[in-house]
$ cat input23.cif   # mmCIF, C-alpha atoms
data_query
#
loop_
_atom_site.group_PDB
_atom_site.id
_atom_site.type_symbol
_atom_site.label_atom_id
_atom_site.label_comp_id
_atom_site.auth_asym_id
_atom_site.auth_seq_id
_atom_site.Cartn_x
_atom_site.Cartn_y
_atom_site.Cartn_z
ATOM 1 C CA MET A 1 3.608 1.782 8.892
ATOM 2 C CA THR A 2 4.500 -1.329 10.790
ATOM 3 C CA GLN A 3 8.098 -2.412 11.266
ATOM 4 C CA ASP A 4 7.311 -5.460 9.109
ATOM 5 C CA GLY A 5 5.963 -3.251 6.316
ATOM 6 C CA PHE A 6 8.994 -0.986 6.534
ATOM 7 C CA ASP A 7 11.354 -3.975 6.364
ATOM 8 C CA LYS A 8 9.537 -5.360 3.295
ATOM 9 C CA LEU A 9 9.711 -1.978 1.570
ATOM 10 C CA LYS A 10 13.427 -1.721 2.326
ATOM 11 C CA GLU A 11 14.042 -5.251 1.017
ATOM 12 C CA GLU A 12 12.087 -4.629 -2.210
ATOM 13 C CA LEU A 13 13.898 -1.331 -2.758
ATOM 14 C CA ASN A 14 17.268 -3.029 -2.306
ATOM 15 C CA GLU A 15 16.243 -5.762 -4.775
ATOM 16 C CA LEU A 16 15.268 -3.178 -7.399
ATOM 17 C CA LYS A 17 18.460 -1.176 -6.898
ATOM 18 C CA THR A 18 20.688 -4.224 -7.323
ATOM 19 C CA ASN A 19 19.119 -6.975 -9.423
ATOM 20 C CA GLY A 20 16.542 -4.745 -11.122
ATOM 21 C CA ARG A 21 19.144 -2.287 -12.342
ATOM 22 C CA GLN A 22 21.450 -5.112 -13.458
ATOM 23 C CA LYS A 23 18.663 -6.705 -15.504
ATOM 24 C CA ALA A 24 17.769 -3.351 -17.096
ATOM 25 C CA ALA A 25 21.397 -2.653 -18.001
ATOM 26 C CA LYS A 26 21.776 -6.146 -19.471
ATOM 27 C CA ALA A 27 18.618 -5.724 -21.593
ATOM 28 C CA ILE A 28 19.915 -2.399 -22.934
ATOM 29 C CA ALA A 29 23.323 -3.901 -23.718
ATOM 30 C CA GLU A 30 21.753 -6.853 -25.550
ATOM 31 C CA ALA A 31 19.500 -4.551 -27.562
ATOM 32 C CA ARG A 32 22.429 -2.256 -28.367
ATOM 33 C CA GLU A 33 24.330 -5.215 -29.862
ATOM 34 C CA LYS A 34 21.554 -5.756 -32.406
ATOM 35 C CA GLY A 35 22.585 -2.848 -34.567
ATOM 36 C CA ASP A 36 21.331 0.582 -35.550
ATOM 37 C CA LEU A 37 19.821 2.251 -32.472
ATOM 38 C CA SER A 38 17.676 4.665 -34.500
ATOM 39 C CA GLU A 39 15.490 1.799 -35.751
ATOM 40 C CA ASN A 40 15.852 -0.568 -32.801
ATOM 41 C CA ALA A 41 12.479 -0.956 -31.064
ATOM 42 C CA GLU A 42 13.968 -3.429 -28.574
ATOM 43 C CA TYR A 43 16.501 -0.796 -27.474
ATOM 44 C CA ASP A 44 13.744 1.814 -27.067
ATOM 45 C CA ALA A 45 11.662 -0.623 -25.009
ATOM 46 C CA ALA A 46 14.645 -1.486 -22.790
ATOM 47 C CA LYS A 47 15.391 2.207 -22.187
ATOM 48 C CA GLU A 48 11.729 2.868 -21.356
ATOM 49 C CA ALA A 49 11.704 -0.075 -18.921
ATOM 50 C CA GLN A 50 14.836 1.336 -17.294
ATOM 51 C CA GLY A 51 13.128 4.721 -16.920
ATOM 52 C CA LEU A 52 10.080 3.116 -15.292
ATOM 53 C CA LEU A 53 12.334 1.151 -12.940
ATOM 54 C CA GLU A 54 14.139 4.326 -11.871
ATOM 55 C CA LEU A 55 10.802 6.079 -11.326
ATOM 56 C CA LYS A 56 9.603 3.218 -9.110
ATOM 57 C CA ILE A 57 12.876 3.290 -7.153
ATOM 58 C CA SER A 58 12.536 7.041 -6.657
ATOM 59 C CA GLU A 59 8.932 6.734 -5.434
ATOM 60 C CA MET A 60 9.834 3.929 -3.040
ATOM 61 C CA GLU A 61 12.769 5.937 -1.659
ATOM 62 C CA LYS A 62 10.456 8.894 -0.997
ATOM 63 C CA GLU A 63 7.973 6.602 0.728
ATOM 64 C CA MET A 64 10.688 4.986 2.824
ATOM 65 C CA TYR A 65 12.274 8.269 3.891
ATOM 66 C CA SER A 66 8.916 9.790 4.845
ATOM 67 C CA ALA A 67 7.642 6.632 6.556
ATOM 68 C CA ARG A 68 7.028 6.576 10.271
ATOM 69 C CA VAL A 69 7.260 3.221 11.992
ATOM 70 C CA ILE A 70 4.471 2.968 14.531
ATOM 71 C CA ASN A 71 4.904 1.248 17.871
ATOM 72 C CA GLN A 72 1.979 -0.568 19.492
ATOM 73 C CA GLU A 73 2.505 1.375 22.738
ATOM 74 C CA ASP A 74 1.691 4.595 20.871
ATOM 75 C CA LEU A 75 -1.776 3.377 19.866
ATOM 76 C CA ASP A 76 -5.132 3.637 21.624
ATOM 77 C CA ASP A 77 -7.875 1.075 20.974
ATOM 78 C CA SER A 78 -10.762 3.320 22.066
ATOM 79 C CA THR A 79 -11.081 4.679 18.519
ATOM 80 C CA VAL A 80 -10.107 3.441 15.065
ATOM 81 C CA VAL A 81 -6.532 4.411 14.166
ATOM 82 C CA ILE A 82 -3.906 3.028 11.811
ATOM 83 C CA LEU A 83 -3.113 -0.611 12.739
ATOM 84 C CA SER A 84 -6.568 -1.082 14.276
ATOM 85 C CA THR A 85 -8.326 -4.311 13.425
ATOM 86 C CA VAL A 86 -11.967 -3.323 13.154
ATOM 87 C CA LYS A 87 -15.011 -5.545 13.055
ATOM 88 C CA ILE A 88 -17.833 -3.725 11.290
ATOM 89 C CA LYS A 89 -21.387 -4.481 10.210
ATOM 90 C CA GLN A 90 -22.838 -3.057 7.025
ATOM 91 C CA MET A 91 -26.135 -1.513 8.115
ATOM 92 C CA LYS A 92 -28.022 -2.196 4.875
ATOM 93 C CA THR A 93 -27.198 -5.906 4.527
ATOM 94 C CA GLY A 94 -26.217 -6.897 8.056
ATOM 95 C CA LYS A 95 -22.995 -8.485 6.758
ATOM 96 C CA GLU A 96 -20.007 -8.333 9.064
ATOM 97 C CA PHE A 97 -16.445 -7.657 7.942
ATOM 98 C CA GLN A 98 -13.100 -7.397 9.658
ATOM 99 C CA TYR A 99 -10.309 -5.179 8.356
ATOM 100 C CA THR A 100 -6.959 -4.001 9.593
ATOM 101 C CA LEU A 101 -6.163 -0.399 8.668
ATOM 102 C CA VAL A 102 -2.633 -0.031 7.332
ATOM 103 C CA SER A 103 -0.547 2.353 5.233
ATOM 104 C CA GLN A 104 -1.081 2.513 1.482
ATOM 105 C CA ALA A 105 2.090 0.467 0.907
ATOM 106 C CA GLU A 106 0.889 -2.384 3.131
ATOM 107 C CA ALA A 107 -2.705 -2.606 1.867
ATOM 108 C CA ASP A 108 -3.776 -6.072 0.707
ATOM 109 C CA LEU A 109 -7.517 -6.667 0.523
ATOM 110 C CA ARG A 110 -7.081 -10.446 0.216
ATOM 111 C CA SER A 111 -5.536 -10.567 3.672
ATOM 112 C CA GLY A 112 -8.020 -8.080 5.126
ATOM 113 C CA LYS A 113 -5.672 -5.086 5.156
ATOM 114 C CA ILE A 114 -7.113 -1.849 3.812
ATOM 115 C CA SER A 115 -5.436 1.502 3.433
ATOM 116 C CA VAL A 116 -6.259 4.348 5.793
ATOM 117 C CA ASP A 117 -6.443 6.407 2.578
ATOM 118 C CA SER A 118 -9.212 4.239 1.052
ATOM 119 C CA PRO A 119 -12.827 5.459 1.286
ATOM 120 C CA ILE A 120 -13.691 2.847 3.944
ATOM 121 C CA GLY A 121 -10.444 3.505 5.839
ATOM 122 C CA LYS A 122 -11.101 7.246 5.908
ATOM 123 C CA GLY A 123 -14.677 6.672 7.031
ATOM 124 C CA LEU A 124 -13.649 4.417 9.919
ATOM 125 C CA LEU A 125 -10.805 6.551 11.297
ATOM 126 C CA GLY A 126 -11.623 8.186 14.627
ATOM 127 C CA LYS A 127 -14.809 6.187 15.215
ATOM 128 C CA ALA A 128 -15.495 4.297 18.471
ATOM 129 C CA VAL A 129 -17.360 1.062 19.168
ATOM 130 C CA GLY A 130 -21.098 1.561 18.603
ATOM 131 C CA GLU A 131 -20.674 4.524 16.261
ATOM 132 C CA ILE A 132 -21.905 4.527 12.680
ATOM 133 C CA ALA A 133 -19.382 5.343 9.967
ATOM 134 C CA LYS A 134 -20.805 6.850 6.796
ATOM 135 C CA VAL A 135 -18.539 6.019 3.870
ATOM 136 C CA GLU A 136 -18.705 7.637 0.456
ATOM 137 C CA THR A 137 -17.873 5.050 -2.204
ATOM 138 C CA PRO A 138 -18.190 5.056 -5.981
ATOM 139 C CA ARG A 139 -21.441 3.105 -5.496
ATOM 140 C CA GLY A 140 -22.882 5.656 -3.084
ATOM 141 C CA THR A 141 -22.989 6.158 0.684
ATOM 142 C CA MET A 142 -22.600 3.061 2.842
ATOM 143 C CA GLU A 143 -23.076 2.890 6.601
ATOM 144 C CA PHE A 144 -21.099 0.639 8.908
ATOM 145 C CA GLU A 145 -21.523 0.075 12.635
ATOM 146 C CA ILE A 146 -18.270 -0.343 14.567
ATOM 147 C CA LEU A 147 -18.598 -3.621 16.504
ATOM 148 C CA ASN A 148 -15.087 -4.086 17.868
ATOM 149 C CA ILE A 149 -11.649 -2.420 17.771
ATOM 150 C CA MET A 150 -8.351 -4.161 18.498
ATOM 151 C CA ILE A 151 -4.782 -2.993 17.987
ATOM 152 C CA SER A 152 -2.717 -5.496 16.026
ATOM 153 C CA LEU A 153 0.857 -5.590 14.814
#
$ encode --input "input23.cif" --output "structure tokens"
Amino acid sequence: MTQDGFDKLKEELNELKTNGRQKAAKAIAEAREKGDLSENAEYDAAKEAQGLLELKISEMEKEMYSARVINQEDLDDSTVVILSTVKIKQMKTGKEFQYTLVSQAEADLRSGKISVDSPIGKGLLGKAVGEIAKVETPRGTMEFEILNIMISL
């Protein structure tokens, strides 16, 4: 992932560990004050929310510890790799698109960032300008021509 993506992940994880845990503990304490815990749905909901928070923290920690920050110098723009910005043309419709391939954690379709693990991302990886990428999607096979490849951070 990019250094920016890593920094955002670290910041979000820190926020969840501090403020998120404090909010969960406060919700449990408030629910506990309302009486009998055996019939207290608010307490059960607060405990479940705490469990989900801890699960999210655990998953983010695993992602952060296994993450590899990629430097631009390590990348080659002759083929599509992670952090490539790729201009493609859909063969069937002639429409052109531009995407940047990023890690799963950094994917954001609205800003043109797709995951290397997505069907289109997987189909584009390793392709060079002029090649046709065949992509298996839930709607069937799509073909894209690689028009341009740039490395962007």
$ residues_around --input "input23.cif" --residues "stretch 18-23 of chain A" --least-positions-apart "4" --cutoff "8 Å" --atoms "all atoms listed in the file" --output "VMD selection string"
chain A and resid 14 27 50 53
$ atom_distance --input "input23.cif" --atom1 "atom CA of A:Lys113" --atom2 "atom CA of A:Thr100"
4.7 Å
$ residues_around --input "input23.cif" --residues "stretch 6-10 of chain A" --least-positions-apart "2" --cutoff "9 Å" --atoms "all atoms listed in the file" --output "JSON, numbers by chain"
{"A": [1, 2, 3, 4, 12, 13, 14, 15, 60, 61, 63, 64, 67, 68, 69, 105, 106]}
$ closest_residue --input "input23.cif" --among "A:Leu101, A:Val129, A:Ile57, A:Met91" --to "A:Thr141" --atoms "all atoms listed in the file"
A:Met91
$ closest_residue --input "input23.cif" --among "A:Ile82, A:Leu124, A:Ala133, A:Ala24" --to "A:Gln104" --atoms "all atoms listed in the file"
A:Ile82
$ residues_near_point --input "input23.cif" --point "(-23.1, 0.4, 18.5)" --cutoff "10 Å" --atoms "all atoms listed in the file" --output "MDAnalysis selection string"
chainID A and resid 88:89 128:132 144:148
$ closest_residue --input "input23.cif" --among "A:Ala45, A:Val86, A:Leu109, A:Ile28" --to "A:Ile149" --atoms "all atoms listed in the file"
A:Val86
$ build_atoms --input "input23.cif" --residues "stretch 93-119 of chain A" --atoms "N, CA and C atoms" --output "CSV table (one decimal), in the frame of the given file"
chain,number,residue,atom,x,y,z
A,93,THR,N,-27.1,-4.5,4.8
A,93,THR,CA,-27.2,-5.9,4.5
A,93,THR,C,-27.0,-6.7,5.8
A,94,GLY,N,-26.5,-6.2,6.8
A,94,GLY,CA,-26.2,-6.9,8.1
A,94,GLY,C,-24.9,-7.7,8.0
A,95,LYS,N,-24.2,-7.7,6.9
A,95,LYS,CA,-23.0,-8.5,6.8
A,95,LYS,C,-21.9,-7.9,7.6
A,96,GLU,N,-21.1,-8.8,8.2
A,96,GLU,CA,-20.0,-8.3,9.1
A,96,GLU,C,-18.7,-8.5,8.3
A,97,PHE,N,-17.8,-7.6,8.6
A,97,PHE,CA,-16.4,-7.7,7.9
A,97,PHE,C,-15.4,-7.3,9.0
A,98,GLN,N,-14.2,-7.8,8.8
A,98,GLN,CA,-13.1,-7.4,9.7
A,98,GLN,C,-11.9,-6.9,8.8
A,99,TYR,N,-11.4,-5.8,9.1
A,99,TYR,CA,-10.3,-5.2,8.4
A,99,TYR,C,-9.3,-4.7,9.3
A,100,THR,N,-8.0,-4.7,8.9
A,100,THR,CA,-7.0,-4.0,9.6
A,100,THR,C,-6.6,-2.8,8.8
A,101,LEU,N,-6.5,-1.6,9.4
A,101,LEU,CA,-6.2,-0.4,8.7
A,101,LEU,C,-4.7,-0.2,8.7
A,102,VAL,N,-4.1,-0.1,7.5
A,102,VAL,CA,-2.6,0.0,7.3
A,102,VAL,C,-2.3,1.1,6.4
A,103,SER,N,-1.0,1.3,6.2
A,103,SER,CA,-0.5,2.4,5.2
A,103,SER,C,-0.9,1.9,3.8
A,104,GLN,N,-0.8,2.8,2.9
A,104,GLN,CA,-1.1,2.5,1.5
A,104,GLN,C,-0.2,1.4,1.0
A,105,ALA,N,1.1,1.4,1.4
A,105,ALA,CA,2.1,0.5,0.9
A,105,ALA,C,1.8,-0.9,1.4
A,106,GLU,N,1.1,-1.1,2.5
A,106,GLU,CA,0.9,-2.4,3.1
A,106,GLU,C,-0.5,-2.9,2.8
A,107,ALA,N,-1.3,-2.2,2.1
A,107,ALA,CA,-2.7,-2.6,1.9
A,107,ALA,C,-2.7,-3.9,1.0
A,108,ASP,N,-3.6,-4.8,1.4
A,108,ASP,CA,-3.8,-6.1,0.7
A,108,ASP,C,-5.2,-6.6,1.1
A,109,LEU,N,-6.1,-6.3,0.2
A,109,LEU,CA,-7.5,-6.7,0.5
A,109,LEU,C,-7.7,-8.2,0.8
A,110,ARG,N,-7.0,-9.0,0.0
A,110,ARG,CA,-7.1,-10.4,0.2
A,110,ARG,C,-6.8,-10.9,1.6
A,111,SER,N,-5.9,-10.2,2.3
A,111,SER,CA,-5.5,-10.6,3.7
A,111,SER,C,-6.2,-9.7,4.7
A,112,GLY,N,-7.2,-8.9,4.2
A,112,GLY,CA,-8.0,-8.1,5.1
A,112,GLY,C,-7.4,-6.8,5.6
A,113,LYS,N,-6.4,-6.3,4.8
A,113,LYS,CA,-5.7,-5.1,5.2
A,113,LYS,C,-6.1,-4.0,4.2
A,114,ILE,N,-6.7,-2.9,4.7
A,114,ILE,CA,-7.1,-1.8,3.8
A,114,ILE,C,-6.4,-0.6,4.2
A,115,SER,N,-6.2,0.3,3.2
A,115,SER,CA,-5.4,1.5,3.4
A,115,SER,C,-6.3,2.5,4.2
A,116,VAL,N,-5.6,3.3,5.1
A,116,VAL,CA,-6.3,4.3,5.8
A,116,VAL,C,-6.7,5.4,4.8
A,117,ASP,N,-6.1,5.4,3.6
A,117,ASP,CA,-6.4,6.4,2.6
A,117,ASP,C,-7.6,6.0,1.7
A,118,SER,N,-8.1,4.7,1.8
A,118,SER,CA,-9.2,4.2,1.1
A,118,SER,C,-10.5,4.9,1.6
A,119,PRO,N,-11.6,4.9,0.8
A,119,PRO,CA,-12.8,5.5,1.3
A,119,PRO,C,-13.3,4.8,2.6
